[in-house]
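Input: a single structure, listed below in structure tokens.
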Amino acid sequence: MAGRLSSPRFRRKVAWLGGATCLAGVIVIGSILIGNTGHSTATPIDRTHKPWVYKAPKSMQLTKRDRLDLYAMSAHFVRTAVARKHLDEAWDLLGPEMKAGQTRKSWDTGFNNVVPFKADGIEAWDILYTYDNDVALDLSLFSRGKGTDNWSGKTFTLELKRYAGHPHQWLVASWVPKGIGGGGTLSPNRRSGPPPPPVVAKLDPKWLFLPMVFLASLVLGLGAWGLRSLVRGRRATRKYAEALGYNSSSNPS
């Protein structure tokens with residue numbers, strides 16, 4: 001072994017192998033310590049408070065008067081806000097949820113948060129649920145085109161509520177289309193604000209696994225190469241000694 005260490009060629013190989021191994025080890029350890037630098041957007045759980053358990057609201061038994069009021073309010077909302085006619089009347093039909101994020105001036109422009117549809121009437125309606133002062137309806141609207149057989153239809157879900165300040169009046173809390181197609185569209189050159197920023201994809205932790213595999217393969221490859229060089233060197237030394245006619249125990253001098 002002392003003879004091998006005295007060989008400059010062997011020492012260079014050991015130095016290169018040791019340096020490459022240390023470099024690979026530093027990179028692997030750094031990847032593990034740094035890990036994924038992305039920031040989690042998960043909402044932290046506050047364990048200091050008791051968990052909130054959902055309880056179904058109290059059901060409401062609709063009277064004949066309630067049904068007439070609900071249908072009248074739905075028809076008025078469709079004729080004005082949905083059909084984009086007489087929007088000044090529709091503003092007073094909205095609850096706080098629908099008025100949020102817009103002003104009366106922006107509402108009157110027709111570019112508001114109500115999905116439009118050129119409705120000529122209500123074809124059918126159905127009650128989804130009836131909670132205490134909270135009712136949801138399915139409204140099937142129709143629109144006449146040119147000709148007797150040319151028409152279109154669309155179904156929407158309308159939520160109506162009675163609030164503390166208006167205990168005897170139903171107001172619109174939400175208006176959501178059901179299904180795909182059939183709804184109206186707004187002009188593409190009308191915008192409510194600047195376009196949203198582009199979505200930036202977060203680095204998936206699995207991509208950190210690939211450089212670690214590569215570095216591990218590099219370390220194993222360098223180790224195999226060094227071991228192969230060592231074996232070949234020992235074989236060459238043995239053959240050289242046999243060619244000179246002495247073995248490892250004899251003194252060449």
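Order determines the names: the first chain of the structure tokens is A, the second B, and so forth; residues in each chain are numbered 1 upward, and ligands are numbered 1 upward as they are shown.
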
Just want the 8 Å neighbourhood of Gly110 in chain A, counted on only C-alpha atoms, with same-chain residues fewer than 3 positions away dropped. Output as a list of chain:residue names.
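Residues near the query, excluding close chain neighbours: A:Arg84, A:Leu87, A:Ser106, A:Trp107.
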
Using only C-alpha atoms, find each residue of range 54-78 of chain A with at least one atom at most 12 Å away from an atom of range 120-126 of chain A; report its shortest atom-to-atom pair and that distance in Å (one decimal), sort the rows by chain and rising residue number, and return the result as a Markdown table.
| residue | atom | partner | partner_atom | distance |
| --- | --- | --- | --- | --- |
| A:Arg67 | CA | A:Asp126 | CA | 10.9 |
| A:Leu70 | CA | A:Trp125 | CA | 10.6 |
| A:Tyr71 | CA | A:Trp125 | CA | 8.6 |
| A:Ala72 | CA | A:Ile122 | CA | 11.1 |
| A:Ser74 | CA | A:Ile122 | CA | 9.0 |
| A:Ala75 | CA | A:Ile122 | CA | 7.2 |
| A:His76 | CA | A:Gly121 | CA | 10.3 |
| A:Phe77 | CA | A:Gly121 | CA | 11.1 |
| A:Val78 | CA | A:Gly121 | CA | 7.8 |

Give me a file of those residues, with N, CA, C and O atoms, as an mmCIF file, in the first residue's frame.
data_model
loop_
_atom_site.group_PDB
_atom_site.id
_atom_site.type_symbol
_atom_site.label_atom_id
_atom_site.label_comp_id
_atom_site.auth_asym_id
_atom_site.auth_seq_id
_atom_site.Cartn_x
_atom_site.Cartn_y
_atom_site.Cartn_z
ATOM 1 N N ARG A 67 -95.376 32.228 -2.233
ATOM 2 C CA ARG A 67 -95.110 31.763 -3.590
ATOM 3 C C ARG A 67 -95.408 32.849 -4.622
ATOM 4 O O ARG A 67 -94.654 33.032 -5.593
ATOM 5 N N LEU A 70 -92.593 35.409 -4.382
ATOM 6 C CA LEU A 70 -91.355 34.888 -4.966
ATOM 7 C C LEU A 70 -91.405 34.913 -6.491
ATOM 8 O O LEU A 70 -90.433 35.295 -7.154
ATOM 9 N N TYR A 71 -92.534 34.503 -7.051
ATOM 10 C CA TYR A 71 -92.640 34.496 -8.514
ATOM 11 C C TYR A 71 -92.645 35.918 -9.069
ATOM 12 O O TYR A 71 -92.008 36.199 -10.100
ATOM 13 N N ALA A 72 -93.328 36.823 -8.392
ATOM 14 C CA ALA A 72 -93.366 38.216 -8.854
ATOM 15 C C ALA A 72 -91.972 38.837 -8.811
ATOM 16 O O ALA A 72 -91.559 39.541 -9.753
ATOM 17 N N SER A 74 -89.088 37.200 -8.925
ATOM 18 C CA SER A 74 -88.263 36.529 -9.937
ATOM 19 C C SER A 74 -88.547 37.091 -11.326
ATOM 20 O O SER A 74 -87.618 37.375 -12.103
ATOM 21 N N ALA A 75 -89.822 37.243 -11.669
ATOM 22 C CA ALA A 75 -90.185 37.772 -12.980
ATOM 23 C C ALA A 75 -89.684 39.200 -13.166
ATOM 24 O O ALA A 75 -89.191 39.576 -14.234
ATOM 25 N N HIS A 76 -89.813 40.015 -12.119
ATOM 26 C CA HIS A 76 -89.336 41.400 -12.196
ATOM 27 C C HIS A 76 -87.823 41.441 -12.389
ATOM 28 O O HIS A 76 -87.302 42.239 -13.191
ATOM 29 N N PHE A 77 -87.096 40.585 -11.690
ATOM 30 C CA PHE A 77 -85.638 40.548 -11.808
ATOM 31 C C PHE A 77 -85.226 40.088 -13.203
ATOM 32 O O PHE A 77 -84.279 40.635 -13.795
ATOM 33 N N VAL A 78 -85.911 39.103 -13.767
ATOM 34 C CA VAL A 78 -85.571 38.604 -15.099
ATOM 35 C C VAL A 78 -85.864 39.673 -16.156
ATOM 36 O O VAL A 78 -85.068 39.883 -17.087
#

For the helix (DSSP H, G or I) assignment from backbone DSSP, which residues of range 17-251 of chain A qualify? Please present them as a PyMOL selection string.
chain A and resi 17-34+64-82+87-93+96-99+104-108+206-244

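Across the structure, CA of Asp134 in chain A and CA of Ala164 in chain A are spaced 12.2 Å apart.
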
Kindly indicate which residue among A:Asn133, A:Thr21, A:Gln102, A:Gln61 lies nearest to Val219 in chain A, using only C-alpha atoms for the distances.
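Result for the nearest residue to Val219 in chain A: A:Thr21.
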
Would you please work out which residue, of A:Asp69, A:Asp132, A:Asp88, A:Asp138, is nearest to Lys105 in chain A when using only C-alpha atoms?
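Using only C-alpha atoms, the shortest distance to Lys105 in chain A belongs to A:Asp88.
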
For the structure I just gave you, how does DSSP split range 32-226 of chain A - specifically, which residues are strand (DSSP E or B)? Reply as a ChimeraX atom specification.
/A:59,94,121-131,134-144,151-163,166-178

Excluding Tyr131 in chain A and any residue of its chain fewer than 2 positions from it, enumerate the residues within 8 Å of it, using only C-alpha atoms, and give them as a short mmCIF file (atom, residue, chain, number, x, y, z; two decimals) with all heavy atoms, in the first residue's frame.
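As written to disk, around17.cif reads:
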data_model
loop_
_atom_site.label_atom_id
_atom_site.label_comp_id
_atom_site.auth_asym_id
_atom_site.auth_seq_id
_atom_site.Cartn_x
_atom_site.Cartn_y
_atom_site.Cartn_z
N PRO A 57 -80.06 24.86 8.34
CA PRO A 57 -80.99 25.91 8.79
C PRO A 57 -82.41 25.36 8.95
O PRO A 57 -82.76 24.32 8.40
CB PRO A 57 -80.92 26.95 7.66
CG PRO A 57 -79.66 26.64 6.92
CD PRO A 57 -79.45 25.17 7.05
N LYS A 58 -83.17 26.11 9.67
CA LYS A 58 -84.56 25.72 9.90
C LYS A 58 -85.36 25.85 8.62
O LYS A 58 -85.27 26.86 7.91
CB LYS A 58 -85.15 26.60 11.00
CG LYS A 58 -86.58 26.23 11.38
CD LYS A 58 -87.09 27.16 12.46
CE LYS A 58 -88.54 26.84 12.82
NZ LYS A 58 -89.06 27.76 13.87
N SER A 59 -86.13 24.84 8.29
CA SER A 59 -86.94 24.87 7.08
C SER A 59 -88.10 25.84 7.24
O SER A 59 -88.56 26.13 8.35
CB SER A 59 -87.47 23.47 6.76
OG SER A 59 -86.41 22.57 6.53
N MET A 60 -88.56 26.32 6.10
CA MET A 60 -89.65 27.30 6.08
C MET A 60 -90.80 26.75 5.25
O MET A 60 -90.58 26.25 4.13
CB MET A 60 -89.15 28.63 5.50
CG MET A 60 -90.21 29.69 5.36
SD MET A 60 -89.53 31.18 4.59
CE MET A 60 -91.00 32.20 4.51
N TYR A 129 -84.83 24.70 -2.40
CA TYR A 129 -84.90 24.58 -0.95
C TYR A 129 -85.62 25.79 -0.38
O TYR A 129 -85.69 26.85 -1.01
CB TYR A 129 -83.51 24.40 -0.32
CG TYR A 129 -82.57 25.56 -0.53
CD1 TYR A 129 -82.66 26.73 0.24
CD2 TYR A 129 -81.54 25.48 -1.47
CE1 TYR A 129 -81.79 27.78 0.05
CE2 TYR A 129 -80.66 26.53 -1.66
CZ TYR A 129 -80.79 27.68 -0.91
OH TYR A 129 -79.93 28.73 -1.09
N ASN A 133 -86.29 32.36 5.71
CA ASN A 133 -85.96 33.61 5.00
C ASN A 133 -84.87 33.42 3.96
O ASN A 133 -84.13 34.35 3.64
CB ASN A 133 -85.53 34.69 6.01
CG ASN A 133 -86.66 35.11 6.93
OD1 ASN A 133 -87.82 35.15 6.52
ND2 ASN A 133 -86.34 35.39 8.18
N ASP A 134 -84.76 32.22 3.40
CA ASP A 134 -83.75 31.93 2.37
C ASP A 134 -84.33 30.86 1.45
O ASP A 134 -84.52 29.71 1.85
CB ASP A 134 -82.46 31.45 3.01
CG ASP A 134 -81.33 31.28 2.00
OD1 ASP A 134 -81.58 31.51 0.80
OD2 ASP A 134 -80.22 30.91 2.42
N VAL A 135 -84.60 31.23 0.19
CA VAL A 135 -85.24 30.33 -0.78
C VAL A 135 -84.43 30.34 -2.06
O VAL A 135 -83.94 31.39 -2.50
CB VAL A 135 -86.69 30.76 -1.07
CG1 VAL A 135 -87.33 29.84 -2.10
CG2 VAL A 135 -87.51 30.77 0.22
#
